[in-house]
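Dumped data01.cif below, it's mmCIF, C-alpha atoms and all ligand atoms:
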data_coords
loop_
_atom_site.group_PDB
_atom_site.id
_atom_site.type_symbol
_atom_site.label_atom_id
_atom_site.label_comp_id
_atom_site.auth_asym_id
_atom_site.auth_seq_id
_atom_site.Cartn_x
_atom_site.Cartn_y
_atom_site.Cartn_z
ATOM 1 C CA MET A 58 -31.536 27.157 -47.623
ATOM 2 C CA ASN A 59 -28.415 29.204 -47.149
ATOM 3 C CA ALA A 60 -26.272 27.325 -44.750
ATOM 4 C CA VAL A 61 -24.893 29.910 -42.374
ATOM 5 C CA ILE A 62 -21.480 28.971 -41.140
ATOM 6 C CA GLU A 63 -21.118 30.997 -38.003
ATOM 7 C CA THR A 64 -17.722 32.312 -37.130
ATOM 8 C CA PRO A 65 -16.826 31.438 -33.562
ATOM 9 C CA VAL A 66 -17.221 34.162 -30.948
ATOM 10 C CA ILE A 67 -13.701 33.447 -29.719
ATOM 11 C CA THR A 68 -10.815 31.848 -31.576
ATOM 12 C CA ALA A 69 -7.563 31.540 -29.666
ATOM 13 C CA ARG A 70 -4.580 29.870 -31.290
ATOM 14 C CA ASN A 71 -1.261 29.152 -29.726
ATOM 15 C CA LEU A 72 -1.429 31.878 -27.108
ATOM 16 C CA THR A 73 1.691 32.444 -25.072
ATOM 17 C CA LYS A 74 2.204 34.810 -22.202
ATOM 18 C CA THR A 75 5.356 34.862 -20.128
ATOM 19 C CA TYR A 76 5.713 36.649 -16.821
ATOM 20 C CA LYS A 77 9.346 36.993 -15.776
ATOM 21 C CA GLY A 78 10.335 33.766 -17.459
ATOM 22 C CA ALA A 79 7.288 31.788 -16.230
ATOM 23 C CA ARG A 80 4.720 30.691 -18.815
ATOM 24 C CA ALA A 81 1.172 31.655 -17.782
ATOM 25 C CA LEU A 82 -0.178 30.674 -21.222
ATOM 26 C CA ASP A 83 1.722 28.018 -23.113
ATOM 27 C CA GLY A 84 0.346 27.285 -26.571
ATOM 28 C CA THR A 85 -3.255 27.747 -25.405
ATOM 29 C CA SER A 86 -5.790 27.114 -28.191
ATOM 30 C CA PHE A 87 -9.597 26.962 -28.117
ATOM 31 C CA GLN A 88 -12.699 28.048 -30.007
ATOM 32 C CA ILE A 89 -16.039 29.109 -28.587
ATOM 33 C CA PRO A 90 -19.147 29.329 -30.816
ATOM 34 C CA ALA A 91 -22.095 31.648 -30.096
ATOM 35 C CA GLY A 92 -24.832 30.613 -27.708
ATOM 36 C CA ARG A 93 -22.631 28.610 -25.339
ATOM 37 C CA ILE A 94 -21.921 28.771 -21.626
ATOM 38 C CA VAL A 95 -18.318 27.704 -21.238
ATOM 39 C CA GLY A 96 -16.610 26.867 -17.966
ATOM 40 C CA LEU A 97 -12.874 27.623 -17.951
ATOM 41 C CA ILE A 98 -11.706 25.446 -15.116
ATOM 42 C CA GLY A 99 -8.234 24.917 -13.724
ATOM 43 C CA PRO A 100 -6.237 24.862 -10.493
ATOM 44 C CA ASN A 101 -4.681 27.957 -8.913
ATOM 45 C CA GLY A 102 -2.180 29.584 -11.213
ATOM 46 C CA ALA A 103 -3.296 27.546 -14.253
ATOM 47 C CA GLY A 104 -3.719 30.626 -16.452
ATOM 48 C CA LYS A 105 -7.491 31.245 -16.302
ATOM 49 C CA THR A 106 -7.385 34.921 -15.444
ATOM 50 C CA THR A 107 -4.510 35.444 -17.865
ATOM 51 C CA ALA A 108 -6.566 33.864 -20.670
ATOM 52 C CA LEU A 109 -9.533 36.101 -19.832
ATOM 53 C CA LYS A 110 -7.316 39.187 -19.698
ATOM 54 C CA ALA A 111 -5.907 38.249 -23.093
ATOM 55 C CA LEU A 112 -9.331 37.984 -24.694
ATOM 56 C CA LEU A 113 -10.381 41.280 -23.124
ATOM 57 C CA GLY A 114 -7.280 43.021 -24.485
ATOM 58 C CA LEU A 115 -5.989 43.833 -20.998
ATOM 59 C CA ILE A 116 -2.520 42.331 -21.464
ATOM 60 C CA ARG A 117 0.025 41.805 -24.221
ATOM 61 C CA PHE A 118 0.569 38.258 -25.446
ATOM 62 C CA ASP A 119 1.717 36.287 -28.481
ATOM 63 C CA GLY A 120 -0.476 34.135 -30.712
ATOM 64 C CA GLU A 121 -3.681 34.544 -32.631
ATOM 65 C CA MET A 122 -6.796 35.858 -30.921
ATOM 66 C CA SER A 123 -10.102 36.866 -32.436
ATOM 67 C CA VAL A 124 -13.050 37.924 -30.256
ATOM 68 C CA LEU A 125 -16.290 38.764 -32.094
ATOM 69 C CA GLY A 126 -14.153 39.136 -35.213
ATOM 70 C CA ARG A 127 -11.742 41.600 -33.619
ATOM 71 C CA ASP A 128 -8.219 41.434 -32.277
ATOM 72 C CA PRO A 129 -8.479 42.569 -28.645
ATOM 73 C CA ARG A 130 -4.911 43.948 -28.772
ATOM 74 C CA THR A 131 -5.701 46.505 -31.441
ATOM 75 C CA GLU A 132 -9.501 46.913 -31.366
ATOM 76 C CA ARG A 133 -10.263 46.851 -27.683
ATOM 77 C CA ASP A 134 -12.493 49.937 -27.592
ATOM 78 C CA ALA A 135 -14.784 48.699 -30.350
ATOM 79 C CA LEU A 136 -14.835 45.233 -28.809
ATOM 80 C CA MET A 137 -15.924 46.513 -25.414
ATOM 81 C CA ASN A 138 -19.267 47.657 -26.892
ATOM 82 C CA ASP A 139 -20.225 44.002 -27.183
ATOM 83 C CA VAL A 140 -18.493 42.563 -24.147
ATOM 84 C CA CYS A 141 -19.409 42.704 -20.469
ATOM 85 C CA PHE A 142 -16.786 41.754 -17.906
ATOM 86 C CA ILE A 143 -17.252 41.122 -14.213
ATOM 87 C CA ALA A 144 -14.266 40.328 -12.054
ATOM 88 C CA ASP A 145 -15.913 39.556 -8.751
ATOM 89 C CA VAL A 146 -19.393 40.208 -7.371
ATOM 90 C CA ALA A 147 -18.014 40.984 -3.927
ATOM 91 C CA VAL A 148 -16.098 44.079 -5.064
ATOM 92 C CA LEU A 149 -18.784 46.792 -5.204
ATOM 93 C CA PRO A 150 -17.594 49.698 -2.997
ATOM 94 C CA ARG A 151 -19.423 49.662 0.309
ATOM 95 C CA TRP A 152 -20.312 53.365 0.269
ATOM 96 C CA MET A 153 -22.030 53.101 -3.116
ATOM 97 C CA ARG A 154 -25.794 53.564 -3.362
ATOM 98 C CA VAL A 155 -27.940 51.572 -5.791
ATOM 99 C CA ARG A 156 -28.504 54.636 -7.947
ATOM 100 C CA ASP A 157 -24.735 55.436 -7.997
ATOM 101 C CA ALA A 158 -24.028 51.945 -9.277
ATOM 102 C CA ILE A 159 -26.644 52.374 -12.001
ATOM 103 C CA ASP A 160 -25.243 55.800 -12.960
ATOM 104 C CA PHE A 161 -21.749 54.355 -13.110
ATOM 105 C CA VAL A 162 -22.606 51.436 -15.386
ATOM 106 C CA GLU A 163 -24.752 53.689 -17.567
ATOM 107 C CA GLY A 164 -21.744 55.966 -17.943
ATOM 108 C CA VAL A 165 -19.286 53.259 -18.910
ATOM 109 C CA HIS A 166 -21.362 50.842 -20.959
ATOM 110 C CA PRO A 167 -23.088 51.901 -24.198
ATOM 111 C CA ARG A 168 -25.398 48.858 -24.211
ATOM 112 C CA PHE A 169 -26.738 49.418 -20.704
ATOM 113 C CA ASP A 170 -30.529 49.733 -20.515
ATOM 114 C CA ARG A 171 -31.426 51.682 -17.377
ATOM 115 C CA ALA A 172 -35.149 50.932 -17.552
ATOM 116 C CA ARG A 173 -34.447 47.214 -17.812
ATOM 117 C CA CYS A 174 -32.142 47.385 -14.798
ATOM 118 C CA GLU A 175 -34.814 49.218 -12.797
ATOM 119 C CA ARG A 176 -37.385 46.611 -13.763
ATOM 120 C CA PHE A 177 -35.152 43.878 -12.361
ATOM 121 C CA LEU A 178 -34.631 45.871 -9.183
ATOM 122 C CA ALA A 179 -38.375 46.423 -8.772
ATOM 123 C CA ASN A 180 -38.632 42.698 -8.015
ATOM 124 C CA THR A 181 -36.207 43.028 -5.111
ATOM 125 C CA LYS A 182 -36.233 44.871 -1.803
ATOM 126 C CA LEU A 183 -33.513 47.224 -3.016
ATOM 127 C CA GLY A 184 -34.288 50.945 -3.071
ATOM 128 C CA PRO A 185 -32.301 53.559 -5.041
ATOM 129 C CA LYS A 186 -30.800 55.157 -1.933
ATOM 130 C CA GLN A 187 -29.662 51.977 -0.291
ATOM 131 C CA ARG A 188 -25.913 51.622 0.178
ATOM 132 C CA VAL A 189 -23.930 48.461 -0.461
ATOM 133 C CA ARG A 190 -22.842 48.338 3.208
ATOM 134 C CA GLU A 191 -26.502 48.120 4.248
ATOM 135 C CA MET A 192 -27.189 45.144 2.009
ATOM 136 C CA SER A 193 -27.037 41.440 2.727
ATOM 137 C CA LYS A 194 -24.798 39.365 0.475
ATOM 138 C CA GLY A 195 -27.817 38.152 -1.433
ATOM 139 C CA MET A 196 -28.962 41.708 -2.044
ATOM 140 C CA ILE A 197 -25.519 42.551 -3.421
ATOM 141 C CA VAL A 198 -25.892 39.650 -5.807
ATOM 142 C CA GLN A 199 -29.299 40.951 -6.863
ATOM 143 C CA LEU A 200 -27.853 44.393 -7.552
ATOM 144 C CA HIS A 201 -24.995 42.945 -9.504
ATOM 145 C CA LEU A 202 -27.274 40.717 -11.532
ATOM 146 C CA ALA A 203 -29.621 43.605 -12.312
ATOM 147 C CA LEU A 204 -26.642 45.598 -13.588
ATOM 148 C CA VAL A 205 -25.287 42.721 -15.654
ATOM 149 C CA MET A 206 -28.588 41.613 -17.095
ATOM 150 C CA ALA A 207 -29.376 45.115 -18.306
ATOM 151 C CA ILE A 208 -26.279 45.103 -20.523
ATOM 152 C CA ASP A 209 -27.052 43.717 -23.938
ATOM 153 C CA ALA A 210 -23.591 42.235 -24.475
ATOM 154 C CA LYS A 211 -22.866 39.453 -26.941
ATOM 155 C CA LEU A 212 -20.126 38.100 -24.710
ATOM 156 C CA LEU A 213 -20.212 38.014 -20.923
ATOM 157 C CA VAL A 214 -16.928 37.220 -19.180
ATOM 158 C CA LEU A 215 -17.164 36.213 -15.533
ATOM 159 C CA ASP A 216 -14.026 35.619 -13.475
ATOM 160 C CA GLU A 217 -14.941 33.880 -10.208
ATOM 161 C CA PRO A 218 -18.204 35.864 -10.060
ATOM 162 C CA THR A 219 -19.441 34.359 -6.821
ATOM 163 C CA LEU A 220 -16.272 34.480 -4.732
ATOM 164 C CA GLY A 221 -17.103 35.045 -1.079
ATOM 165 C CA LEU A 222 -20.810 34.282 -1.384
ATOM 166 C CA ASP A 223 -22.472 31.393 0.376
ATOM 167 C CA ILE A 224 -23.920 28.428 -1.456
ATOM 168 C CA LEU A 225 -27.507 29.728 -1.606
ATOM 169 C CA TYR A 226 -26.477 32.971 -3.251
ATOM 170 C CA ARG A 227 -24.053 31.259 -5.584
ATOM 171 C CA LYS A 228 -26.795 28.953 -6.834
ATOM 172 C CA GLN A 229 -29.199 31.849 -7.170
ATOM 173 C CA PHE A 230 -26.654 33.816 -9.177
ATOM 174 C CA TYR A 231 -26.168 31.092 -11.782
ATOM 175 C CA GLN A 232 -29.853 30.198 -11.949
ATOM 176 C CA ARG A 233 -30.896 33.797 -12.604
ATOM 177 C CA LEU A 234 -28.154 34.175 -15.160
ATOM 178 C CA LEU A 235 -29.442 31.147 -16.991
ATOM 179 C CA GLU A 236 -33.126 32.018 -16.762
ATOM 180 C CA ASP A 237 -33.133 35.798 -17.174
ATOM 181 C CA TYR A 238 -30.073 36.597 -19.236
ATOM 182 C CA PHE A 239 -28.770 33.818 -21.391
ATOM 183 C CA ASP A 240 -30.104 33.118 -24.887
ATOM 184 C CA GLU A 241 -28.702 31.686 -28.107
ATOM 185 C CA GLN A 242 -27.377 35.090 -29.208
ATOM 186 C CA LYS A 243 -25.220 35.393 -26.142
ATOM 187 C CA THR A 244 -22.077 33.638 -25.026
ATOM 188 C CA ILE A 245 -20.862 33.337 -21.466
ATOM 189 C CA ILE A 246 -17.386 32.330 -20.349
ATOM 190 C CA VAL A 247 -16.955 31.744 -16.640
ATOM 191 C CA THR A 248 -14.107 30.685 -14.383
ATOM 192 C CA THR A 249 -14.720 29.208 -10.968
ATOM 193 C CA HIS A 250 -13.355 26.744 -8.463
ATOM 194 C CA GLN A 251 -16.857 25.721 -7.451
ATOM 195 C CA VAL A 252 -17.249 23.271 -10.293
ATOM 196 C CA GLU A 253 -20.259 21.424 -8.863
ATOM 197 C CA GLU A 254 -22.357 24.561 -8.836
ATOM 198 C CA ILE A 255 -21.985 25.459 -12.451
ATOM 199 C CA GLU A 256 -21.807 22.118 -14.170
ATOM 200 C CA HIS A 257 -25.578 21.967 -14.703
ATOM 201 C CA ILE A 258 -25.628 25.282 -16.587
ATOM 202 C CA LEU A 259 -22.518 24.721 -18.727
ATOM 203 C CA THR A 260 -22.784 23.676 -22.351
ATOM 204 C CA ASP A 261 -19.005 23.226 -22.724
ATOM 205 C CA VAL A 262 -15.994 22.759 -20.547
ATOM 206 C CA LEU A 263 -12.365 23.789 -20.955
ATOM 207 C CA PHE A 264 -9.854 22.416 -18.455
ATOM 208 C CA ILE A 265 -6.638 24.396 -18.291
ATOM 209 C CA GLN A 266 -3.429 23.292 -16.593
ATOM 210 C CA ASN A 267 -0.032 25.022 -16.697
ATOM 211 C CA GLY A 268 -1.289 27.324 -19.453
ATOM 212 C CA LYS A 269 -2.426 24.476 -21.701
ATOM 213 C CA ILE A 270 -5.940 23.299 -22.525
ATOM 214 C CA VAL A 271 -6.070 19.669 -21.399
ATOM 215 C CA LEU A 272 -9.770 18.994 -22.012
ATOM 216 C CA ASP A 273 -12.078 20.806 -24.439
ATOM 217 C CA ALA A 274 -15.476 19.184 -24.765
ATOM 218 C CA PRO A 275 -19.213 19.858 -24.925
ATOM 219 C CA MET A 276 -20.904 18.647 -21.737
ATOM 220 C CA ASP A 277 -22.926 16.160 -23.784
ATOM 221 C CA ASP A 278 -19.704 14.515 -24.930
ATOM 222 C CA VAL A 279 -18.336 14.448 -21.406
ATOM 223 C CA GLY A 280 -21.317 12.299 -20.419
ATOM 224 C CA GLU A 281 -20.707 9.917 -23.298
ATOM 225 C CA ARG A 282 -16.917 9.760 -23.125
ATOM 226 C CA PHE A 283 -16.287 9.401 -19.408
ATOM 227 C CA VAL A 284 -17.712 6.643 -17.237
ATOM 228 C CA GLU A 285 -17.173 5.960 -13.569
ATOM 229 C CA VAL A 286 -17.399 2.363 -12.371
ATOM 230 C CA LEU A 287 -17.860 1.072 -8.838
ATOM 231 C CA VAL A 288 -15.671 -1.944 -9.454
ATOM 232 C CA ASN A 289 -16.394 -5.146 -7.584
ATOM 233 C CA ALA A 290 -13.328 -6.586 -5.840
ATOM 234 C CA GLU A 291 -13.122 -9.667 -8.058
ATOM 235 C CA HIS A 292 -12.914 -7.537 -11.240
ATOM 236 C CA LEU A 293 -10.166 -5.116 -10.212
ATOM 237 C CA ASP A 294 -7.464 -6.503 -12.488
ATOM 238 C CA ALA A 295 -9.772 -6.933 -15.475
ATOM 239 C CA ALA A 296 -11.017 -3.347 -15.089
ATOM 240 C CA ARG A 297 -7.474 -1.979 -14.714
ATOM 241 C CA ALA A 298 -6.561 -3.576 -18.040
ATOM 242 C CA HIS A 299 -8.736 -0.870 -19.690
ATOM 243 C CA ARG A 300 -6.396 1.789 -18.270
ATOM 244 C CA PRO A 301 -8.596 3.932 -16.022
ATOM 245 C CA ILE A 302 -7.542 7.571 -15.878
ATOM 246 C CA ASP A 303 -8.152 7.536 -12.141
ATOM 247 C CA GLU A 304 -8.715 5.042 -9.366
ATOM 248 C CA ARG A 305 -9.736 5.678 -5.770
ATOM 249 C CA ALA A 306 -10.644 3.416 -2.875
ATOM 250 C CA LEU A 307 -13.928 3.735 -0.995
ATOM 251 C CA PRO A 308 -14.811 2.266 2.419
ATOM 252 C CA PHE A 309 -15.765 -1.442 2.567
ATOM 253 C CA GLY A 310 -13.284 -2.556 -0.071
ATOM 254 C CA LYS A 311 -14.978 -0.847 -3.012
ATOM 255 C CA THR A 312 -12.971 0.895 -5.728
ATOM 256 C CA VAL A 313 -14.087 3.627 -8.110
ATOM 257 C CA MET A 314 -12.359 3.851 -11.490
ATOM 258 C CA LEU A 315 -12.807 6.512 -14.127
ATOM 259 C CA PHE A 316 -12.504 5.604 -17.803
ATOM 260 C CA ASP A 317 -12.188 7.622 -20.996
ATOM 261 C CA SER A 318 -13.778 6.230 -24.161
ATOM 262 C CA VAL A 319 -14.325 2.652 -23.003
ATOM 263 C CA PRO A 320 -17.790 1.267 -23.959
ATOM 264 C CA VAL A 321 -20.296 1.177 -21.083
ATOM 265 C CA SER A 322 -21.314 -2.315 -22.186
ATOM 266 C CA THR A 323 -17.777 -3.504 -21.356
ATOM 267 C CA LEU A 324 -17.494 -1.552 -18.132
ATOM 268 C CA SER A 325 -20.852 -2.611 -16.753
ATOM 269 C CA THR A 326 -19.571 -6.193 -16.446
ATOM 270 C CA TYR A 327 -17.155 -4.958 -13.744
ATOM 271 C CA GLY A 328 -19.688 -3.140 -11.575
ATOM 272 C CA GLU A 329 -22.209 -0.327 -11.358
ATOM 273 C CA THR A 330 -21.569 2.511 -13.866
ATOM 274 C CA ARG A 331 -22.446 6.200 -13.755
ATOM 275 C CA THR A 332 -21.479 9.521 -15.345
ATOM 276 C CA PRO A 333 -18.789 11.225 -13.265
ATOM 277 C CA GLY A 334 -19.345 14.680 -11.835
ATOM 278 C CA LEU A 335 -17.224 17.412 -13.346
ATOM 279 C CA ALA A 336 -15.332 17.800 -10.063
ATOM 280 C CA ASP A 337 -14.182 14.148 -10.121
ATOM 281 C CA LEU A 338 -13.249 14.441 -13.771
ATOM 282 C CA PHE A 339 -11.302 17.596 -13.009
ATOM 283 C CA VAL A 340 -9.378 15.996 -10.150
ATOM 284 C CA ALA A 341 -8.576 12.931 -12.273
ATOM 285 C CA THR A 342 -7.385 15.060 -15.179
ATOM 286 C CA MET A 343 -5.233 17.308 -13.012
ATOM 287 C CA LYS A 344 -3.517 14.407 -11.242
ATOM 288 C CA GLY A 345 -1.568 13.932 -14.415
ATOM 289 C CA ALA A 346 -2.285 10.227 -14.736
ATOM 290 C CA TYR A 347 -3.902 11.301 -17.939
ATOM 291 C CA ALA A 348 -1.726 13.139 -20.398
HETATM 292 N N1 LIG B 1 1.011 40.276 -13.200
HETATM 293 C C1 LIG B 1 1.684 39.130 -13.048
HETATM 294 N N2 LIG B 1 3.024 39.134 -12.837
HETATM 295 C C2 LIG B 1 3.716 37.997 -12.702
HETATM 296 N N3 LIG B 1 3.165 36.770 -12.788
HETATM 297 C C3 LIG B 1 1.839 36.689 -12.981
HETATM 298 C C4 LIG B 1 1.029 37.863 -13.122
HETATM 299 N N4 LIG B 1 -0.252 37.470 -13.340
HETATM 300 C C5 LIG B 1 -0.240 36.134 -13.304
HETATM 301 N N5 LIG B 1 1.003 35.653 -13.101
HETATM 302 C C6 LIG B 1 1.411 34.236 -13.046
HETATM 303 O O1 LIG B 1 0.839 33.565 -14.154
HETATM 304 C C7 LIG B 1 0.342 32.291 -13.785
HETATM 305 C C8 LIG B 1 -1.135 32.184 -14.141
HETATM 306 O O2 LIG B 1 -1.872 33.094 -13.319
HETATM 307 P P1 LIG B 1 -3.456 33.299 -13.458
HETATM 308 O O3 LIG B 1 -3.836 34.456 -12.587
HETATM 309 O O4 LIG B 1 -3.812 33.357 -14.889
HETATM 310 O O5 LIG B 1 -3.986 31.931 -12.849
HETATM 311 P P2 LIG B 1 -5.470 31.471 -12.508
HETATM 312 O O6 LIG B 1 -5.692 30.185 -13.232
HETATM 313 O O7 LIG B 1 -6.442 32.561 -12.760
HETATM 314 O O8 LIG B 1 -5.343 31.165 -10.965
HETATM 315 P P3 LIG B 1 -6.348 31.327 -9.695
HETATM 316 O O9 LIG B 1 -7.316 30.197 -9.809
HETATM 317 O O10 LIG B 1 -5.424 31.150 -8.553
HETATM 318 O O11 LIG B 1 -6.971 32.685 -9.777
HETATM 319 C C9 LIG B 1 0.650 32.126 -12.308
HETATM 320 O O12 LIG B 1 1.844 31.387 -12.194
HETATM 321 C C10 LIG B 1 0.861 33.553 -11.821
HETATM 322 O O13 LIG B 1 1.813 33.580 -10.779
#
Would you mind writing the file out in structure tokens?
Amino acid sequence: MNAVIETPVITARNLTKTYKGARALDGTSFQIPAGRIVGLIGPNGAGKTTALKALLGLIRFDGEMSVLGRDPRTERDALMNDVCFIADVAVLPRWMRVRDAIDFVEGVHPRFDRARCERFLANTKLGPKQRVREMSKGMIVQLHLALVMAIDAKLLVLDEPTLGLDILYRKQFYQRLLEDYFDEQKTIIVTTHQVEEIEHILTDVLFIQNGKIVLDAPMDDVGERFVEVLVNAEHLDAARAHRPIDERALPFGKTVMLFDSVPVSTLSTYGETRTPGLADLFVATMKGAYA
């Protein structure tokens, strides 16, 4: 009966951050509702980490920012009760034992549930005395996941969480996160360069370039808005008339074009159509043909 209008978990308006005259954030604006898994994707130096630091209250910046109803610049301590932040899975100190890691997180995070963490670890080969240096990369991921998933945070911020891990562990990390952690009460924001590996778990995507958001869309819309066409040679000019945002040649004289908001019924007369992968969409957007 009562329509609940949920306030977004994050509202960022017109953020600017300048480092020594260079703009890391340049009028960055976005909103993230609860229950979403958002990929913040951009090339090196685009401003991803700076945006995450801003929403965590770790840097000064100009503009409007509300995270879980709080301004991270002035209410950081209260905010951190509901936020969990992981910079990089590969950074656990090598001398640390499993039980030290658990003690540490228990000490710093009020929403950490030790019993829940130990239940996750019971399903692995990890023992309490084992040190990080004795673990395989996959075991490190398991430890990290057990620590993260035992924190009942409303917002989980992951900055390149799988850096340095091989493809099997990276996939495992995201799959476990989706299956064992995420629910509609939680929100996850994640940056990565490995776009292909996270696109299937994302609900929304934010592309950032030179400190500006250049694409902000739910994944469902991405599938409807963008179409890739394997254009037959005789239709090249007709297809180009619809202003593809990207065009690339394939072997044997085939050409792939990527279109934004052109009906599939029109495009299918030029060749085979399909939904582009996020990586191809990212490359096309960043080339600047599309402004
Ligand atoms: N502490 C700092 N001092 C000076 N410049 C900085 C600092 N931190 C970031 N920058 C600059 O701000 C810009 C954005 O950096 P940021 O780390 O946010 O990029 P990023 O998108 O996370 O990149 P990457 O994918 O390479 O990690 C870059 O030009 C960077 O050189």
Find the residues around A:Phe339 up to 10 Å (only C-alpha atoms counted), leave out those fewer than 2 positions away in its own chain, and share them as an MDAnalysis selection string.
chainID A and resid 98:100 252 264:265 272 333:337 341:344
Neighbourhood of ligand LIG 1 (chain B) at 10 Å, counting all atoms listed in the file, reported as a ChimeraX atom specification
/A:74-82,97-111,116,216-217,248-250,265-268
Can you pull out the residues contacting A:Glu121? Cut-off 9 Å, using all atoms listed in the file, and skip same-chain residues under 3 positions away; I want them as a PyMOL selection string.
chain A and resi 68-72+86+128
I would like the residues chosen by the PyMOL selection byres (((chain A and resi 177-187) around 6) and not hetatm) on the shown file; could you give them as number ranges by chain?
A: 154-156, 174-176, 188, 203
State, in Å with one decimal place, the distance from atom CA of A:Leu225 to atom CA of A:Ile94.
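Here the two named atoms are 20.8 Å from each other.
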Between A:Met206, A:Ala135, A:Ile245, A:Leu315, which residue has the minimum interatomic distance to A:Arg282, considering all atoms listed in the file?
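Using all atoms listed in the file, A:Arg282 sits closest to A:Leu315.
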In Å to one decimal, how far is atom CA of A:Leu212 from atom CA of A:Cys141?
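Those two atoms sit 6.3 Å apart.
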